[in-house]
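protein_17.txt follows (compact mmCIF, C-alpha atoms):
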```txt
# COMPACT_ATOMS: atom_id res chain seq x y z
CA MET A 1 38.86 -22.15 8.00
CA ILE A 2 40.73 -24.58 10.26
CA ILE A 3 39.23 -27.56 8.43
CA TYR A 4 39.91 -25.96 5.04
CA ASN A 5 43.52 -25.06 5.85
CA THR A 6 44.23 -28.49 7.35
CA ILE A 7 42.88 -30.22 4.24
CA LEU A 8 44.91 -27.86 2.07
CA LEU A 9 48.07 -28.66 4.01
CA PHE A 10 47.34 -32.41 3.74
CA VAL A 11 46.96 -32.12 -0.07
CA PHE A 12 50.24 -30.20 -0.29
CA ASP A 13 51.93 -32.85 1.87
CA LEU A 14 50.73 -35.72 -0.30
CA TYR A 15 51.81 -34.06 -3.52
CA ILE A 16 55.26 -33.03 -2.27
CA PHE A 17 55.91 -36.28 -0.38
CA PHE A 18 55.39 -38.55 -3.37
CA ALA A 19 57.29 -36.15 -5.64
CA LEU A 20 60.28 -36.31 -3.31
CA ARG A 21 60.05 -40.10 -2.94
CA SER A 22 60.10 -40.54 -6.73
CA SER A 23 63.08 -38.21 -7.18
CA GLY A 24 66.78 -38.81 -6.93
CA ILE A 25 66.89 -37.26 -3.46
CA GLN A 26 68.10 -40.17 -1.33
CA PHE A 27 67.05 -39.02 2.14
CA ALA A 28 63.43 -38.77 0.96
CA LYS A 29 63.41 -42.57 0.55
CA LYS A 30 64.43 -43.21 4.16
CA LYS A 31 61.95 -44.49 6.74
CA TRP A 32 62.78 -41.70 9.19
CA PHE A 33 61.85 -39.10 6.57
CA THR A 34 58.31 -40.51 6.37
CA TRP A 35 57.91 -40.29 10.14
CA VAL A 36 59.30 -36.75 10.33
CA TRP A 37 57.30 -35.51 7.34
CA TRP A 38 53.89 -36.75 8.48
CA GLY A 39 54.60 -36.34 12.19
CA TYR A 40 55.36 -32.64 11.84
CA SER A 41 52.18 -32.01 9.84
CA ALA A 42 50.05 -33.99 12.33
CA ILE A 43 51.46 -32.10 15.31
CA LEU A 44 51.00 -28.78 13.51
CA ALA A 45 47.37 -29.50 12.59
CA ALA A 46 46.63 -30.65 16.15
CA GLY A 47 48.23 -27.48 17.53
CA VAL A 48 46.09 -25.25 15.35
CA PHE A 49 42.94 -27.11 16.41
CA ILE A 50 43.86 -26.85 20.11
CA SER A 51 44.72 -23.13 19.82
CA TYR A 52 41.26 -22.44 18.40
CA LYS A 53 39.19 -24.83 20.52
CA TYR A 54 40.80 -24.30 23.90
CA SER A 55 42.05 -21.38 25.95
CA ILE A 56 45.85 -21.49 25.86
CA PRO A 57 48.38 -18.67 26.50
CA LEU A 58 48.53 -16.24 23.60
CA MET A 59 52.28 -16.69 23.29
CA TYR A 60 51.89 -20.43 22.55
CA ARG A 61 48.96 -19.80 20.26
CA SER A 62 51.00 -17.29 18.28
CA ILE A 63 53.95 -19.68 17.96
CA ILE A 64 51.61 -22.38 16.60
CA LEU A 65 49.94 -20.03 14.12
CA VAL A 66 53.28 -18.61 12.96
CA ALA A 67 54.60 -22.12 12.32
CA PHE A 68 51.42 -23.07 10.47
CA PHE A 69 51.40 -19.93 8.33
CA ILE A 70 55.07 -20.15 7.35
CA THR A 71 54.77 -23.89 6.63
CA VAL A 72 51.79 -23.39 4.32
CA VAL A 73 53.50 -20.52 2.46
CA CYS A 74 56.73 -22.48 1.89
CA LYS A 75 54.90 -25.62 0.79
CA LEU A 76 52.64 -23.62 -1.52
CA ILE A 77 55.68 -22.21 -3.31
CA TYR A 78 57.14 -25.70 -3.66
CA VAL A 79 53.84 -27.07 -4.99
CA ILE A 80 53.84 -24.36 -7.67
CA ILE A 81 57.37 -25.36 -8.71
CA LEU A 82 56.37 -29.03 -8.87
CA LEU A 83 53.27 -28.18 -10.89
CA ILE A 84 55.38 -26.30 -13.42
CA ASP A 85 57.55 -29.39 -13.88
CA ASP A 86 54.53 -31.71 -14.11
CA ILE A 87 52.92 -29.46 -16.72
CA ARG A 88 56.20 -29.46 -18.68
CA ARG A 89 56.45 -33.24 -18.53
CA GLY A 90 52.77 -33.56 -19.44
CA GLY A 91 53.38 -31.41 -22.49
CA VAL A 92 56.33 -33.58 -23.54
CA TRP A 93 54.23 -36.73 -23.08
CA LEU A 94 51.38 -35.32 -25.19
CA ALA A 95 53.79 -34.17 -27.88
CA ARG A 96 55.25 -37.66 -28.10
CA LEU A 97 51.80 -39.24 -28.08
CA PHE A 98 50.55 -37.27 -31.07
CA ARG A 99 53.78 -37.08 -32.99
CA LYS A 100 53.40 -38.97 -36.26
CA LYS A 101 57.07 -39.32 -37.02
CA GLY A 102 60.09 -39.44 -34.85
CA PRO A 103 62.43 -41.70 -32.96
CA SER A 104 61.14 -44.86 -31.38
CA PRO A 105 60.47 -44.97 -27.62
CA VAL A 106 63.67 -46.95 -27.15
CA VAL A 107 65.73 -44.29 -28.92
CA GLU A 108 63.99 -41.52 -26.98
CA LYS A 109 64.77 -43.27 -23.70
CA GLN A 110 68.40 -43.64 -24.71
CA GLU A 111 68.58 -39.94 -25.58
CA GLU A 112 67.06 -39.06 -22.21
CA LEU A 113 69.65 -41.18 -20.39
CA VAL A 114 72.49 -39.63 -22.40
CA GLU A 115 71.24 -36.15 -21.54
CA GLU A 116 71.01 -37.01 -17.85
CA LYS A 117 74.54 -38.46 -17.86
CA LYS A 118 75.89 -35.53 -19.82
CA HIS A 119 74.52 -32.85 -17.51
CA GLY A 120 74.73 -34.90 -14.31
CA ILE A 121 71.09 -34.29 -13.32
CA SER A 122 67.72 -34.41 -15.09
CA ARG A 123 65.57 -31.33 -15.41
CA SER A 124 62.96 -32.80 -13.05
CA ASP A 125 65.51 -33.59 -10.34
CA PHE A 126 67.03 -30.14 -10.80
CA LEU A 127 63.63 -28.51 -10.24
CA LEU A 128 62.94 -30.70 -7.22
CA LYS A 129 66.25 -29.87 -5.56
CA SER A 130 66.44 -26.20 -6.49
CA GLY A 131 62.76 -25.86 -5.57
CA LEU A 132 63.57 -26.88 -2.01
CA ALA A 133 65.96 -23.94 -1.76
CA VAL A 134 63.52 -21.49 -3.37
CA ALA A 135 60.60 -22.64 -1.19
CA SER A 136 62.65 -22.11 1.97
CA ILE A 137 63.36 -18.46 1.15
CA PRO A 138 60.11 -17.06 2.70
CA PHE A 139 60.94 -18.76 6.01
CA PHE A 140 63.53 -16.15 6.94
CA PRO A 141 61.71 -12.84 6.26
CA LEU A 142 58.42 -14.20 7.63
CA THR A 143 60.12 -15.32 10.83
CA TRP A 144 61.94 -11.99 11.12
CA GLY A 145 58.63 -10.19 10.61
CA VAL A 146 57.30 -11.86 13.76
CA VAL A 147 60.41 -11.44 15.88
CA SER A 148 61.17 -7.82 15.06
CA SER A 149 58.21 -6.11 13.40
CA ALA A 150 54.89 -7.17 14.95
CA TYR A 151 55.12 -4.41 17.57
CA ASP A 152 57.56 -2.09 15.83
CA TYR A 153 55.18 0.87 15.92
CA ARG A 154 55.99 3.83 13.69
CA ILE A 155 54.51 7.32 13.83
CA ARG A 156 53.75 8.78 10.43
CA HIS A 157 53.30 12.54 10.32
CA GLN A 158 50.99 13.80 7.61
CA LYS A 159 50.03 17.37 6.74
CA LEU A 160 46.38 17.58 5.71
CA TYR A 161 45.48 20.71 3.75
CA LEU A 162 41.82 21.71 3.78
CA PRO A 163 40.88 24.89 1.87
CA ASN A 164 37.70 25.43 3.90
CA LEU A 165 39.25 24.77 7.29
CA PRO A 166 38.30 27.54 9.74
CA LYS A 167 41.22 29.61 11.02
CA GLU A 168 40.61 28.47 14.59
CA PHE A 169 41.38 24.87 13.56
CA HIS A 170 44.59 25.70 11.66
CA GLY A 171 47.40 23.63 13.16
CA MET A 172 45.15 21.22 15.05
CA LYS A 173 46.70 17.77 15.62
CA LEU A 174 44.61 14.71 14.86
CA GLY A 175 45.75 11.20 15.76
CA GLN A 176 44.52 8.03 14.05
CA LEU A 177 44.59 4.41 15.18
CA SER A 178 43.05 1.59 13.21
CA ASP A 179 42.73 -2.20 13.20
CA VAL A 180 43.80 -3.01 16.74
CA HIS A 181 42.70 -6.68 16.46
CA SER A 182 43.23 -7.22 20.19
CA GLY A 183 42.59 -10.97 19.88
CA SER A 184 45.95 -11.32 18.10
CA PHE A 185 48.08 -9.63 20.77
CA TYR A 186 50.38 -11.54 23.10
CA ASN A 187 52.57 -8.74 24.49
CA ARG A 188 50.86 -6.23 26.80
CA LYS A 189 54.04 -4.25 27.41
CA ALA A 190 54.61 -3.69 23.71
CA VAL A 191 50.99 -2.62 23.13
CA LEU A 192 51.22 -0.17 26.03
CA GLY A 193 54.39 1.23 24.45
CA GLY A 194 52.51 1.89 21.22
CA VAL A 195 49.69 3.69 23.04
CA GLU A 196 52.22 5.81 24.92
CA MET A 197 53.84 6.76 21.61
CA LEU A 198 50.46 8.08 20.42
CA LEU A 199 49.84 10.02 23.64
CA GLY A 200 53.36 11.44 23.50
CA GLU A 201 52.35 13.31 20.33
CA LYS A 202 49.61 15.10 22.33
CA PRO A 203 46.91 15.06 19.61
CA ASP A 204 43.93 17.39 20.09
CA VAL A 205 41.50 14.76 18.81
CA ILE A 206 41.85 11.04 18.08
CA PHE A 207 40.09 8.81 15.53
CA PHE A 208 39.83 5.04 15.75
CA THR A 209 38.72 3.59 12.41
CA GLY A 210 37.49 0.10 13.26
CA ASP A 211 38.34 -3.54 13.99
CA LEU A 212 38.91 -3.37 17.72
CA VAL A 213 38.74 -7.19 17.94
CA ASN A 214 39.03 -10.24 15.70
CA ASN A 215 35.79 -11.96 16.64
CA GLU A 216 34.61 -11.41 20.23
CA ALA A 217 34.34 -8.51 22.65
CA SER A 218 36.03 -10.63 25.32
CA GLU A 219 39.33 -10.28 23.43
CA MET A 220 39.60 -6.79 24.93
CA ARG A 221 39.61 -8.13 28.48
CA ASP A 222 43.40 -7.92 28.86
CA TYR A 223 43.80 -4.69 26.88
CA GLN A 224 40.82 -2.53 27.79
CA ASP A 225 42.75 -0.75 30.54
CA ILE A 226 45.56 0.07 28.10
CA PHE A 227 43.33 1.56 25.40
CA ALA A 228 41.29 3.42 28.02
CA LYS A 229 44.42 5.59 28.36
CA VAL A 230 43.79 6.91 24.84
CA LYS A 231 42.43 10.38 25.59
CA ALA A 232 42.40 13.74 23.81
CA GLU A 233 41.21 17.20 24.76
CA LEU A 234 38.57 17.36 22.00
CA GLY A 235 37.59 13.71 22.32
CA VAL A 236 38.25 10.22 21.00
CA PHE A 237 35.86 9.15 18.23
CA SER A 238 35.51 5.63 16.89
CA VAL A 239 33.67 3.50 14.32
CA LEU A 240 33.17 -0.20 13.75
CA GLY A 241 35.02 -2.46 11.32
CA ASN A 242 33.93 -5.68 9.65
CA HIS A 243 35.43 -7.83 12.43
CA ASP A 244 33.56 -6.01 15.20
CA TYR A 245 30.14 -7.45 14.37
CA GLY A 246 31.01 -11.02 15.37
CA ASP A 247 30.10 -12.45 11.95
CA TYR A 248 33.23 -14.60 11.78
CA LYS A 249 32.48 -16.21 15.14
CA TYR A 250 28.68 -16.36 15.32
CA GLY A 251 27.79 -16.41 11.62
CA PHE A 252 26.03 -13.81 9.52
CA GLU A 253 22.55 -14.68 10.83
CA ASP A 254 21.07 -13.01 13.90
CA SER A 255 21.25 -14.83 17.24
CA ALA A 256 21.00 -14.01 20.94
CA ALA A 257 24.69 -14.81 21.50
CA LYS A 258 25.72 -12.58 18.62
CA ARG A 259 23.60 -9.67 19.87
CA LYS A 260 25.04 -10.01 23.38
CA ASN A 261 28.60 -10.07 22.05
CA PHE A 262 27.94 -6.99 19.93
CA GLN A 263 26.43 -5.08 22.84
CA ASN A 264 29.47 -5.97 24.94
CA LEU A 265 31.69 -4.51 22.21
CA VAL A 266 29.66 -1.29 22.06
CA ASP A 267 29.86 -1.06 25.85
CA THR A 268 33.64 -1.50 25.68
CA HIS A 269 33.94 1.65 23.57
CA LYS A 270 31.81 3.49 26.11
CA VAL A 271 33.78 2.23 29.13
CA MET A 272 37.04 3.34 27.50
CA GLY A 273 35.57 6.80 26.95
CA TRP A 274 35.47 6.53 23.17
CA ASP A 275 32.54 8.12 21.36
CA LEU A 276 31.35 5.40 18.98
CA LEU A 277 29.64 6.90 15.93
CA ARG A 278 27.14 4.63 14.22
CA ASP A 279 25.91 6.63 11.23
CA GLU A 280 26.15 9.75 13.38
CA ASN A 281 28.09 12.98 13.58
CA ARG A 282 29.49 15.27 16.25
CA ARG A 283 30.30 18.95 16.04
CA ILE A 284 33.55 20.37 17.34
CA THR A 285 33.42 24.11 17.97
CA MET A 286 36.30 26.52 18.45
CA GLY A 287 35.35 30.16 18.85
CA SER A 288 32.53 30.83 16.42
CA GLU A 289 33.57 28.13 13.94
CA SER A 290 32.85 24.43 13.81
CA ILE A 291 33.68 21.27 11.90
CA SER A 292 31.85 17.95 11.75
CA ILE A 293 33.20 14.58 12.80
CA VAL A 294 31.19 11.93 10.93
CA GLY A 295 31.25 8.19 11.52
CA VAL A 296 29.54 5.36 9.64
CA GLU A 297 29.17 1.68 10.32
CA ASN A 298 31.19 -0.65 8.13
CA TRP A 299 30.62 -0.29 4.39
CA GLY A 300 32.72 -2.59 2.24
CA MET A 301 32.81 -4.11 -1.21
CA GLY A 302 32.23 -7.78 -2.00
CA ARG A 303 31.73 -10.07 0.97
CA PHE A 304 32.20 -7.33 3.56
CA PRO A 305 29.08 -5.93 5.26
CA LYS A 306 27.40 -2.84 3.86
CA LYS A 307 25.84 -1.49 7.03
CA GLY A 308 26.82 2.17 6.83
CA ASP A 309 24.32 4.88 5.90
CA LEU A 310 26.34 7.90 4.77
CA ASP A 311 23.33 10.14 4.09
CA LYS A 312 22.02 9.56 7.59
CA ALA A 313 25.43 10.19 9.10
CA LEU A 314 25.77 13.54 7.28
CA GLN A 315 22.39 14.90 8.36
CA GLY A 316 22.73 18.23 10.16
CA THR A 317 26.26 18.98 8.96
CA ASP A 318 25.32 21.48 6.24
CA GLU A 319 26.38 24.51 8.27
CA ASP A 320 29.84 23.20 9.12
CA ALA A 321 32.81 24.30 7.03
CA VAL A 322 34.54 20.90 6.98
CA ARG A 323 33.33 17.30 7.32
CA LEU A 324 35.81 14.65 8.40
CA LEU A 325 34.53 11.11 7.87
CA MET A 326 35.60 7.90 9.60
CA SER A 327 34.78 4.82 7.53
CA HIS A 328 36.67 1.57 8.07
CA ASP A 329 36.90 0.26 4.50
CA PRO A 330 38.67 2.46 1.87
CA SER A 331 36.51 1.00 -0.91
CA HIS A 332 33.68 3.15 0.50
CA TRP A 333 35.51 6.22 -0.82
CA ARG A 334 35.02 5.47 -4.51
CA ALA A 335 31.66 3.80 -4.04
CA GLN A 336 29.90 6.67 -2.23
CA VAL A 337 32.10 9.23 -0.54
CA LEU A 338 33.43 10.94 -3.68
CA ASP A 339 29.85 11.94 -4.51
CA SER A 340 29.19 13.41 -1.06
CA ASP A 341 30.06 16.62 0.79
CA VAL A 342 32.83 14.93 2.78
CA ASP A 343 36.16 16.77 2.69
CA ALA A 344 38.42 14.02 4.02
CA MET A 345 37.90 10.36 4.87
CA PHE A 346 39.95 8.27 7.30
CA ALA A 347 40.07 4.47 6.82
CA GLY A 348 42.03 1.33 7.66
CA HIS A 349 41.12 -2.29 6.88
CA THR A 350 43.87 -3.24 4.39
CA HIS A 351 46.79 -3.65 6.87
CA GLY A 352 48.92 -3.10 3.76
CA MET A 353 48.51 -6.90 3.74
CA GLN A 354 51.28 -6.79 6.42
CA PHE A 355 53.77 -7.34 3.63
CA GLY A 356 55.45 -5.03 1.17
CA VAL A 357 57.70 -2.01 0.84
CA ARG A 358 56.90 1.45 2.13
CA ALA A 359 59.45 4.20 1.57
CA GLU A 360 59.14 7.98 1.36
CA HIS A 361 58.50 8.10 -2.39
CA PHE A 362 57.65 4.49 -3.18
CA GLN A 363 55.36 1.85 -1.79
CA TRP A 364 54.27 -1.58 -2.94
CA SER A 365 52.18 -4.39 -1.48
CA PRO A 366 49.98 -7.19 -2.83
CA ALA A 367 47.16 -5.15 -1.23
CA GLN A 368 47.28 -2.72 -4.15
CA TYR A 369 45.96 -5.40 -6.51
CA ILE A 370 42.81 -5.60 -4.38
CA TYR A 371 42.41 -2.02 -3.17
CA PRO A 372 43.31 0.94 -5.40
CA GLU A 373 43.74 2.96 -2.20
CA TRP A 374 45.57 0.83 0.35
CA ALA A 375 48.04 2.98 2.31
CA GLY A 376 48.69 6.68 2.82
CA LEU A 377 47.08 9.80 1.39
CA TYR A 378 45.01 9.92 -1.81
CA LYS A 379 43.39 12.90 -3.50
CA GLU A 380 40.75 13.23 -6.17
CA GLY A 381 39.28 16.64 -6.93
CA ASN A 382 38.62 18.36 -3.63
CA LYS A 383 38.29 15.07 -1.74
CA GLN A 384 40.99 13.32 0.27
CA LEU A 385 41.38 9.84 1.74
CA TYR A 386 43.93 8.53 4.19
CA VAL A 387 44.36 4.77 4.69
CA ASN A 388 46.09 3.73 7.91
CA THR A 389 47.86 0.34 7.65
CA GLY A 390 46.86 -0.69 11.15
CA PHE A 391 48.09 -0.90 14.72
CA GLY A 392 47.68 -4.67 15.13
CA PHE A 393 47.86 -7.76 12.97
CA LEU A 394 45.58 -10.56 11.85
CA GLY A 395 46.32 -14.13 10.74
CA TYR A 396 50.09 -13.83 10.26
CA PRO A 397 51.30 -12.42 13.63
CA GLY A 398 53.96 -10.20 12.15
CA ARG A 399 54.76 -7.66 9.48
CA VAL A 400 57.33 -7.58 6.69
CA GLY A 401 58.04 -4.09 5.36
CA ILE A 402 54.61 -2.67 6.27
CA LEU A 403 55.08 -1.74 9.93
CA PRO A 404 52.28 -1.04 12.44
CA GLU A 405 51.18 2.57 12.10
CA ILE A 406 50.17 5.48 14.30
CA THR A 407 49.23 8.51 12.20
CA ILE A 408 49.48 12.11 13.36
CA PHE A 409 47.83 14.69 11.10
CA GLU A 410 48.39 18.43 11.17
CA LEU A 411 45.27 20.15 9.84
CA LEU A 412 46.23 23.18 7.76
CA ARG A 413 44.09 25.81 6.12
CA GLY A 414 44.82 26.22 2.40
CA GLU A 415 46.08 24.22 -0.57
CA ALA A 416 48.98 21.79 -0.51
```

Show me, as structure tokens, the structure contained in the file I just sent.
Amino acid sequence: MIIYNTILLFVFDLYIFFALRSSGIQFAKKKWFTWVWWGYSAILAAGVFISYKYSIPLMYRSIILVAFFITVVCKLIYVIILLIDDIRRGGVWLARLFRKKGPSPVVEKQEELVEEKKHGISRSDFLLKSGLAVASIPFFPLTWGVVSSAYDYRIRHQKLYLPNLPKEFHGMKLGQLSDVHSGSFYNRKAVLGGVEMLLGEKPDVIFFTGDLVNNEASEMRDYQDIFAKVKAELGVFSVLGNHDYGDYKYGFEDSAAKRKNFQNLVDTHKVMGWDLLRDENRRITMGSESISIVGVENWGMGRFPKKGDLDKALQGTDEDAVRLLMSHDPSHWRAQVLDSDVDAMFAGHTHGMQFGVRAEHFQWSPAQYIYPEWAGLYKEGNKQLYVNTGFGFLGYPGRVGILPEITIFELLRGEA
């Protein structure tokens, strides 16, 4: 990915640089502009390589990655604007090439010059200059999303009505965390504050729905003691997400290093006191009634691993009134869960793409064009799904509009 993104940035730089040099923008023709343009990109690419290859403080790594991400986004927008103009000019050139009748090239050139003089600026120069302003727009919200929103944890309270819920469980509080991605953190104090917010709600049981790390179990070294504080009277139950298997670090093939890393991750759950469910279930009993907590390994669509075995995980739950399923990827719901005996599923994975709008009665994110169920509560028939937008962040170390989430459910007997 580093090689790919660096090449992509280099292609953007070439395209934009020569477009600016051929325009009427005077500063782009100066020698200092060449040094600044290519020097910045070289330093940025070197910083990204160093942040990946070597152990540097997370704060510096985050600054480098933020700069790289925002730079690529702004330049991508500008490239699109330039492409639109090049396509327009290409169309004009083809039209003139195949036109049988019309003014001579000399006349056409004279008309073009008259138009430029009349309006003061050609269409191409207008697009180049206005495009600079448009391309700079994302810089401000993306920067603000890092400064103010990366750790701006919000508690979302959600009533969850279950017709078959035993009376003893009516009013039970269930907390959900998802997508910690500890390898992205650089502020222990802020993370601790988020965990304390969860504990302040005093949930009876807590679910963690996957992606504890980005790539390696060692990412939890500085945060294991914080998440070990996550406790609940009826237990803390967890499942694995696609990032927890080490595929993005060690590859998708089996290896000794990958197995060791995975075992270290499993042990981390155990050391923290979390009950990791790998195609398993647990029974919670209150009085003479019980419900099942079910957890599957990651099951995702497309390139994401399909490791979960739902049938195996549900074995032995026939006598329980309600089955609550933890499955990291919400695409599992439509693929398998709707045809099962599961009453409610709890997922994460999407992050709400860390960008969008989420209000009381309206929400939007680019994530919805990939996942039909991407944030909040969904119902179909007697089945329900809740998608948590995540506690941490990945790639872009911030959030714009879609804030980090801690969900507190109140289980209620009956219909909504």

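Minimum atom-to-atom distances from A:Phe49, A:Phe237, A:Phe409, A:Tyr151 to A:Ala344 were compared using only C-alpha atoms, and the lowest value belongs to A:Phe409.
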
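The closest residue to A:Gly414, picked from A:Arg323, A:Arg278, A:Arg259, A:His170 and counting only C-alpha atoms, is A:His170.
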
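One finds atom CA of A:His351 at 27.2 Å from atom CA of A:Leu314.
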
Across A:Gln315, A:Asn242, A:Asn214, A:Thr350, the smallest distance to A:Trp299, with only C-alpha atoms counted, is shown by A:Asn242

Excluding A:Met197 and its own-chain neighbours fewer than 2 positions away, which residues fall within 9 Å of it when counting all atoms listed in the file? Please give them as a list in words. Tyr153, Arg154, Ile155, Leu192, Gly193, Gly194, Val195, Leu199, Gly200, Glu201 and Ile406 of chain A

Taken to one decimal, the atom CA of A:Ala217-atom CA of A:Arg303 distance is 21.9 Å

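Atom CA of A:Trp38 lies 15.8 Å from atom CA of A:Asn5.
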
Taking only C-alpha atoms into account, produce a table as CSV in which each residue of stretch 29-74 of chain A with an atom at most 12 Å from an atom of stretch 389-395 of chain A appears once, together with its shortest atom pair and the distance in Å to one decimal, ordered by chain and rising number.
```
residue,atom,partner,partner_atom,distance
A:Arg61,CA,A:Gly395,CA,11.4
A:Ser62,CA,A:Gly395,CA,9.4
A:Ile63,CA,A:Gly395,CA,11.9
A:Ile64,CA,A:Gly395,CA,11.4
A:Leu65,CA,A:Gly395,CA,7.7
A:Val66,CA,A:Gly395,CA,8.6
A:Ala67,CA,A:Gly395,CA,11.6
A:Phe68,CA,A:Gly395,CA,10.3
A:Phe69,CA,A:Gly395,CA,8.1
A:Ile70,CA,A:Gly395,CA,11.1
```

Using C-alpha atoms, can you export the residues from the last selection as an mmCIF file, keeping the file's coordinate frame?
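File produced: result00.cif:
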```cif
data_model
loop_
_atom_site.group_PDB
_atom_site.id
_atom_site.type_symbol
_atom_site.label_atom_id
_atom_site.label_comp_id
_atom_site.auth_asym_id
_atom_site.auth_seq_id
_atom_site.Cartn_x
_atom_site.Cartn_y
_atom_site.Cartn_z
ATOM 1 C CA ARG A 61 48.960 -19.800 20.260
ATOM 2 C CA SER A 62 51.000 -17.290 18.280
ATOM 3 C CA ILE A 63 53.950 -19.680 17.960
ATOM 4 C CA ILE A 64 51.610 -22.380 16.600
ATOM 5 C CA LEU A 65 49.940 -20.030 14.120
ATOM 6 C CA VAL A 66 53.280 -18.610 12.960
ATOM 7 C CA ALA A 67 54.600 -22.120 12.320
ATOM 8 C CA PHE A 68 51.420 -23.070 10.470
ATOM 9 C CA PHE A 69 51.400 -19.930 8.330
ATOM 10 C CA ILE A 70 55.070 -20.150 7.350
#
```

Show which residues sit within 7 Å of A:Gly210, as a PDB file with C-alpha atoms, keeping the file's coordinate frame. Count only C-alpha atoms, and ignore same-chain residues fewer than 4 positions away.
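Writing done, so here's out08.pdb:
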```pdb
ATOM      1  CA  SER A 178      43.050   1.590  13.210  1.00  0.00           C
ATOM      2  CA  ASP A 179      42.730  -2.200  13.200  1.00  0.00           C
ATOM      3  CA  SER A 238      35.510   5.630  16.890  1.00  0.00           C
ATOM      4  CA  VAL A 239      33.670   3.500  14.320  1.00  0.00           C
ATOM      5  CA  LEU A 240      33.170  -0.200  13.750  1.00  0.00           C
ATOM      6  CA  GLY A 241      35.020  -2.460  11.320  1.00  0.00           C
ATOM      7  CA  HIS A 328      36.670   1.570   8.070  1.00  0.00           C
TER       8      HIS A 328
END
```

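In this comparison, which uses all atoms listed in the file, the residue of A:Met220, A:Ile408, A:Val72, A:Leu83 approaching A:Gly376 most closely is A:Ile408.
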
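Among the candidate residues A:Val213, A:Ile370, A:Ala347, A:Ile25, the one lying nearest to A:His181 is A:Val213, with distances computed using all atoms listed in the file.
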
Spatial neighbours of A:Asp329, 6 Å, all atoms listed in the file, chain gap at least 2 places, as a ChimeraX atom specification: /A:300,327,331-332,347,349

Quick one: residues within 12 Å of (38.6, -13.0, 19.2) (file frame), counting all atoms listed in the file, please, as a PyMOL selection string. chain A and resi 51-53+55+58+180-185+211-222+243-250+261+265+394-395

Compare A:Leu82, A:Ala416, A:Leu377, A:Val337 by their minimum atom-to-atom distance to A:Pro163, counting all atoms listed in the file, and give me the closest one. A:Ala416

Sphere at (45.9, 24.8, 16.8), radius 10 Å, counting all atoms listed in the file: residues as a ChimeraX atom specification: /A:167-173,204,286,410-412

Would you mind listing what lies within 6 Å of A:Asn281 as JSON, numbers by chain, with only C-alpha atoms counted and same-chain residues fewer than 3 positions away left out? {"A": [293, 294, 313]}
